[in-house]
$ cat entry-v6.txt   # compact mmCIF, C-alpha atoms
# COMPACT_ATOMS: atom_id res chain seq x y z
CA MET F 1139 16.24 -6.81 -13.19
CA ALA F 1140 12.98 -4.97 -12.59
CA SER F 1141 13.26 -1.46 -11.23
CA LEU F 1142 11.57 -0.23 -8.07
CA ILE F 1143 7.91 0.72 -8.54
CA VAL F 1144 6.90 4.09 -7.06
CA PHE F 1145 3.27 4.05 -5.90
CA PRO F 1146 1.82 7.52 -5.20
CA ALA F 1147 -0.86 7.12 -2.53
CA ILE F 1148 -4.44 8.35 -2.52
CA ASP F 1149 -6.07 7.84 0.87
CA LEU F 1150 -9.83 8.34 0.93
CA LYS F 1151 -11.89 9.60 3.86
CA GLY F 1152 -15.39 10.92 3.34
CA GLY F 1153 -14.78 11.08 -0.41
CA GLN F 1154 -11.79 13.38 0.05
CA VAL F 1155 -8.06 12.88 -0.49
CA VAL F 1156 -6.39 12.91 2.94
CA ARG F 1157 -3.29 11.82 4.80
CA LEU F 1158 -3.31 10.56 8.36
CA ALA F 1159 -0.60 10.92 10.99
CA GLU F 1160 0.35 7.51 12.46
CA GLY F 1161 -2.90 6.01 11.20
CA ASP F 1162 -5.02 8.24 13.46
CA MET F 1163 -8.36 9.11 11.82
CA ASP F 1164 -8.63 12.18 14.05
CA ARG F 1165 -5.34 13.51 12.64
CA ALA F 1166 -6.29 13.77 8.98
CA THR F 1167 -5.06 16.50 6.63
CA VAL F 1168 -7.30 17.09 3.60
CA TYR F 1169 -5.44 17.56 0.31
CA GLY F 1170 -8.35 17.64 -2.14
CA ASP F 1171 -11.94 16.72 -2.83
CA ASP F 1172 -11.54 15.19 -6.31
CA PRO F 1173 -9.71 11.85 -6.04
CA ALA F 1174 -9.95 11.10 -9.78
CA ALA F 1175 -8.34 14.46 -10.62
CA GLN F 1176 -5.54 13.66 -8.17
CA ALA F 1177 -5.04 10.30 -9.88
CA MET F 1178 -4.74 12.02 -13.25
CA LEU F 1179 -2.26 14.50 -11.79
CA PHE F 1180 -0.05 11.60 -10.71
CA SER F 1181 -0.47 10.00 -14.15
CA GLY F 1182 0.70 13.21 -15.78
CA GLN F 1183 3.84 13.06 -13.63
CA GLY F 1184 4.67 9.60 -14.95
CA ALA F 1185 2.94 7.23 -12.52
CA ASP F 1186 1.91 3.87 -13.95
CA TYR F 1187 0.79 2.60 -10.55
CA LEU F 1188 -1.45 3.99 -7.81
CA HIS F 1189 -1.97 2.87 -4.24
CA VAL F 1190 -5.51 3.70 -3.08
CA VAL F 1191 -6.80 3.17 0.45
CA ASP F 1192 -10.41 3.41 1.60
CA LEU F 1193 -9.62 4.57 5.14
CA ASP F 1194 -13.26 4.58 6.25
CA GLY F 1195 -13.53 1.07 4.85
CA ALA F 1196 -10.54 -0.11 6.89
CA PHE F 1197 -12.37 0.82 10.07
CA ALA F 1198 -15.85 -0.21 8.90
CA GLY F 1199 -14.71 -3.53 7.48
CA ALA F 1200 -16.47 -2.87 4.16
CA SER F 1201 -16.22 -0.43 1.27
CA VAL F 1202 -17.27 3.14 2.12
CA ASN F 1203 -15.62 5.26 -0.59
CA GLY F 1204 -16.63 3.04 -3.50
CA ASP F 1205 -17.75 5.89 -5.75
CA ALA F 1206 -14.38 7.63 -5.42
CA VAL F 1207 -12.52 4.38 -6.12
CA ARG F 1208 -14.62 3.73 -9.22
CA ALA F 1209 -13.93 7.27 -10.48
CA ILE F 1210 -10.18 6.72 -10.02
CA VAL F 1211 -10.21 3.35 -11.79
CA ASP F 1212 -12.27 4.78 -14.68
CA GLN F 1213 -9.85 7.65 -15.29
CA PHE F 1214 -6.38 6.43 -14.30
CA PRO F 1215 -4.76 4.67 -17.30
CA GLY F 1216 -2.34 2.57 -15.23
CA HIS F 1217 -2.65 -0.03 -12.48
CA VAL F 1218 -4.66 0.62 -9.31
CA GLN F 1219 -3.80 -1.24 -6.10
CA LEU F 1220 -6.63 -0.96 -3.56
CA GLY F 1221 -6.82 -1.62 0.17
CA GLY F 1222 -9.16 -0.82 3.05
CA GLY F 1223 -11.88 -3.07 4.45
CA ILE F 1224 -11.54 -5.87 1.88
CA ARG F 1225 -12.31 -8.84 4.08
CA ASP F 1226 -14.41 -11.33 2.11
CA ARG F 1227 -14.58 -13.09 -1.24
CA THR F 1228 -17.43 -10.94 -2.53
CA ALA F 1229 -15.47 -7.73 -2.01
CA ILE F 1230 -12.37 -9.18 -3.66
CA GLU F 1231 -14.32 -10.25 -6.75
CA LYS F 1232 -16.19 -6.95 -6.95
CA TRP F 1233 -13.03 -4.88 -7.14
CA PHE F 1234 -11.39 -7.09 -9.75
CA ASP F 1235 -14.57 -6.90 -11.83
CA LEU F 1236 -14.42 -3.10 -11.61
CA GLY F 1237 -10.89 -3.00 -12.96
CA VAL F 1238 -8.67 -2.84 -9.88
CA SER F 1239 -5.34 -4.56 -10.66
CA ARG F 1240 -4.45 -5.72 -7.16
CA VAL F 1241 -6.28 -5.82 -3.84
CA VAL F 1242 -4.55 -5.41 -0.52
CA ILE F 1243 -5.74 -7.59 2.35
CA GLY F 1244 -4.62 -6.83 5.89
CA THR F 1245 -6.94 -7.74 8.76
CA ALA F 1246 -8.38 -10.77 6.96
CA ALA F 1247 -4.87 -12.09 6.30
CA LEU F 1248 -4.39 -12.50 10.03
CA GLU F 1249 -7.93 -13.60 10.86
CA ASN F 1250 -8.82 -15.65 7.76
CA PRO F 1251 -5.64 -16.81 5.98
CA GLU F 1252 -7.54 -19.39 3.93
CA LEU F 1253 -9.46 -16.56 2.23
CA VAL F 1254 -6.16 -15.03 1.13
CA LYS F 1255 -4.68 -18.32 -0.05
CA GLN F 1256 -7.76 -19.19 -2.10
CA ALA F 1257 -7.92 -15.70 -3.64
CA ALA F 1258 -4.20 -15.76 -4.47
CA ASN F 1259 -4.77 -19.05 -6.25
CA ASP F 1260 -7.81 -17.80 -8.17
CA PHE F 1261 -6.43 -14.35 -9.03
CA PRO F 1262 -2.73 -14.89 -9.85
CA GLY F 1263 -0.63 -11.80 -9.23
CA GLY F 1264 -3.62 -9.97 -7.79
CA ILE F 1265 -3.39 -10.37 -4.01
CA VAL F 1266 -1.16 -8.25 -1.79
CA VAL F 1267 -0.94 -8.99 1.94
CA ALA F 1268 -0.57 -5.92 4.14
CA VAL F 1269 1.84 -6.49 6.99
CA ASP F 1270 1.38 -3.48 9.25
CA ALA F 1271 3.82 -3.31 12.14
CA LYS F 1272 3.88 -1.66 15.52
CA ASP F 1273 7.13 -2.48 17.30
CA GLY F 1274 7.52 -5.58 15.14
CA MET F 1275 4.03 -6.95 15.85
CA VAL F 1276 1.14 -7.09 13.36
CA ALA F 1277 -1.45 -4.30 13.70
CA THR F 1278 -4.98 -4.83 12.35
CA ARG F 1279 -8.39 -3.18 11.97
CA GLY F 1280 -7.16 0.13 10.66
CA TRP F 1281 -4.13 -0.20 12.97
CA ALA F 1282 -6.42 0.13 15.99
CA ASP F 1283 -5.48 -3.32 17.33
CA VAL F 1284 -2.00 -4.75 17.82
CA SER F 1285 -1.71 -8.54 17.80
CA THR F 1286 0.85 -10.81 19.43
CA VAL F 1287 1.95 -12.11 16.02
CA PRO F 1288 5.45 -11.07 14.87
CA VAL F 1289 5.55 -9.57 11.36
CA ILE F 1290 7.92 -12.22 10.04
CA ASP F 1291 5.61 -15.02 11.23
CA LEU F 1292 2.62 -13.59 9.34
CA ALA F 1293 4.71 -13.08 6.21
CA ARG F 1294 5.96 -16.67 6.22
CA ARG F 1295 2.42 -18.04 6.45
CA PHE F 1296 1.88 -16.91 2.85
CA GLU F 1297 5.22 -17.87 1.31
CA ASP F 1298 3.83 -20.69 -0.80
CA ALA F 1299 0.37 -19.21 -1.36
CA GLY F 1300 1.04 -17.32 -4.59
CA VAL F 1301 0.69 -13.90 -2.99
CA ALA F 1302 1.97 -11.18 -5.35
CA SER F 1303 3.60 -8.97 -2.71
CA LEU F 1304 3.79 -8.04 0.94
CA LEU F 1305 3.00 -4.43 1.78
CA PHE F 1306 5.08 -3.55 4.83
CA THR F 1307 4.17 -0.44 6.82
CA ASP F 1308 5.81 0.83 9.98
CA VAL F 1309 2.69 2.40 11.50
CA GLY F 1310 4.64 4.68 13.83
CA ARG F 1311 6.24 6.41 10.84
CA ASP F 1312 3.22 6.67 8.56
CA GLY F 1313 2.40 10.23 7.55
CA MET F 1314 5.09 11.59 9.88
CA LEU F 1315 7.88 12.23 7.34
CA LYS F 1316 10.30 10.58 9.79
CA GLY F 1317 11.82 8.50 7.04
CA CYS F 1318 10.83 5.05 5.84
CA ASN F 1319 12.00 2.12 7.96
CA VAL F 1320 14.38 0.93 5.25
CA GLU F 1321 16.25 -1.49 7.50
CA ALA F 1322 13.14 -3.39 8.60
CA THR F 1323 11.81 -3.43 5.03
CA VAL F 1324 15.03 -4.88 3.61
CA ASP F 1325 15.29 -7.39 6.47
CA LEU F 1326 11.77 -8.64 5.69
CA ALA F 1327 12.47 -8.81 1.94
CA ARG F 1328 15.59 -10.88 2.57
CA ALA F 1329 13.78 -13.19 5.00
CA VAL F 1330 10.92 -14.22 2.68
CA ARG F 1331 10.58 -15.17 -0.98
CA ILE F 1332 7.67 -12.78 -1.57
CA PRO F 1333 8.46 -9.31 -2.99
CA VAL F 1334 8.04 -6.51 -0.44
CA ILE F 1335 6.59 -3.01 -0.92
CA ALA F 1336 7.86 -0.36 1.50
CA SER F 1337 5.42 2.08 3.07
CA GLY F 1338 5.22 4.59 5.88
CA GLY F 1339 7.11 7.80 6.45
CA VAL F 1340 8.96 8.34 3.16
CA ALA F 1341 10.44 11.82 3.53
CA GLY F 1342 12.50 12.40 0.39
CA ILE F 1343 14.36 11.21 -2.67
CA GLY F 1344 17.19 9.65 -0.63
CA GLU F 1345 15.02 6.79 0.59
CA ILE F 1346 13.77 6.11 -2.94
CA HIS F 1347 17.38 5.75 -4.06
CA ILE F 1348 18.32 3.43 -1.18
CA LEU F 1349 15.25 1.23 -1.61
CA ALA F 1350 15.88 1.02 -5.36
CA LEU F 1351 19.35 -0.33 -4.65
CA HIS F 1352 17.66 -3.11 -2.66
CA ALA F 1353 15.40 -4.22 -5.52
CA GLN F 1354 17.79 -7.16 -5.89
CA ASP F 1355 16.95 -8.13 -2.30
CA GLY F 1356 13.25 -8.36 -3.12
CA VAL F 1357 12.07 -4.80 -2.48
CA GLU F 1358 9.49 -4.40 -5.25
CA GLY F 1359 8.14 -0.92 -4.64
CA VAL F 1360 7.60 2.04 -2.36
CA ILE F 1361 4.44 3.91 -1.44
CA THR F 1362 4.64 7.63 -0.84
CA GLY F 1363 1.93 10.08 0.11
CA ARG F 1364 2.51 13.03 2.39
CA ALA F 1365 5.96 13.82 0.96
CA LEU F 1366 4.35 14.24 -2.47
CA TYR F 1367 1.45 16.34 -1.20
CA ASP F 1368 3.74 18.56 0.87
CA GLY F 1369 6.13 19.08 -2.03
CA ARG F 1370 9.10 17.40 -0.35
CA LEU F 1371 9.28 14.75 -3.05
CA ASP F 1372 8.90 15.26 -6.80
CA LEU F 1373 7.09 12.23 -8.27
CA ALA F 1374 8.73 12.41 -11.69
CA ALA F 1375 12.17 12.62 -10.07
CA ALA F 1376 11.36 9.69 -7.75
CA ILE F 1377 10.26 7.51 -10.68
CA SER F 1378 13.43 8.48 -12.58
CA VAL F 1379 15.70 7.63 -9.62
CA ALA F 1380 13.89 4.32 -9.07
CA ALA F 1381 14.34 3.35 -12.71
CA ALA F 1382 18.01 4.35 -12.84
CA ALA F 1383 19.30 2.64 -9.69
$ encode --input "entry-v6.txt" --output "structure tokens"
Amino acid sequence: MASLIVFPAIDLKGGQVVRLAEGDMDRATVYGDDPAAQAMLFSGQGADYLHVVDLDGAFAGASVNGDAVRAIVDQFPGHVQLGGGIRDRTAIEKWFDLGVSRVVIGTAALENPELVKQAANDFPGGIVVAVDAKDGMVATRGWADVSTVPVIDLARRFEDAGVASLLFTDVGRDGMLKGCNVEATVDLARAVRIPVIASGGVAGIGEIHILALHAQDGVEGVITGRALYDGRLDLAAAISVAAAA
């Protein structure tokens, strides 16, 4: 059985490495101005996977921090998963051509599901659908809008589409160190046949251990950001716990 993948997160805003509180662009904490160096730091701690988000792109609907993403991809020896403003076929193809391993599609998954299904067919194992939740409903456009679509309904739309994973984020917990919504993540993983990546609010090693125990339920990975940057979570230890569970 595959072990849980730990994805350290690099969120990009204005070319800098930041973390937001509850997805609020006005509540950003800057952690560095060299994203590629941060990627290499994570690599040195044992990371084979990175989760990169172009936050400006998520709001603009198109790539804004492309130079920083390219620098990360050029230097990081592992797999880079990228999200933020990827809403058309041209953008999807561009990032794969530049060496990104997987692209994360959120807003377009709700508004243009055919785009996702076609891309999942053409790029096997390369498309991740972001299912961002506010009180169980799907949030879009950089979490600024909340739809009337329940999370489980959106997830099931892509069950037979060949999507690699679902990235589930509880927006209210993101960047708040309140603890990941393990229960909702596991419930989603059990309800669909697509592997689920947990995200939002990871506070410490305990959640890594619990999520790793649910790998058999379809929890594929966990994304962690602020806990790493604030020193509450040691990346090497998290990867070790994930592999051992």
$ residues_around --input "entry-v6.txt" --residues "F:Gly1153" --least-positions-apart "5" --cutoff "9 Å" --atoms "only C-alpha atoms" --output "MDAnalysis selection string"
chainID F and resid 1171:1173 1202:1206
$ atom_distance --input "entry-v6.txt" --atom1 "atom CA of F:Val1266" --atom2 "atom CA of F:Thr1167"
26.4 Å
$ axis_aligned_box --input "entry-v6.txt" --around "stretch 1358-1372 of chain F" --padding-each-side "8 Å" --output "AutoDock Vina command-line options"
--center_x 5.5 --center_y 7.3 --center_z -2.2 --size_x 24.0 --size_y 39.5 --size_z 25.2
$ closest_residue --input "entry-v6.txt" --among "F:Ala1198, F:Leu1326, F:Ala1302, F:Ala1350" --to "F:Ile1377" --atoms "all atoms listed in the file"
F:Ala1350
$ residues_around --input "entry-v6.txt" --residues "F:Arg1328" --least-positions-apart "6" --cutoff "12 Å" --atoms "all atoms listed in the file" --output "PyMOL selection string"
chain F and resi 1290+1293-1294+1321-1322+1334+1352-1358
$ closest_atom_pairs --input "entry-v6.txt" --of "stretch 1183-1214 of chain F" --to "stretch 1238-1255 of chain F" --cutoff "10 Å" --atoms "only C-alpha atoms" --output "tab-separated table"
residue	atom	partner	partner_atom	distance
F:Tyr1187	CA	F:Ser1239	CA	9.4
F:Leu1188	CA	F:Ser1239	CA	9.8
F:His1189	CA	F:Arg1240	CA	9.4
F:Val1190	CA	F:Val1242	CA	9.5
F:Val1191	CA	F:Val1242	CA	8.9
F:Ala1196	CA	F:Thr1245	CA	8.6
F:Gly1199	CA	F:Thr1245	CA	8.9
F:Val1207	CA	F:Val1238	CA	9.0
F:Arg1208	CA	F:Val1238	CA	8.9
F:Ile1210	CA	F:Val1238	CA	9.7
F:Val1211	CA	F:Val1238	CA	6.7
F:Asp1212	CA	F:Val1238	CA	9.7
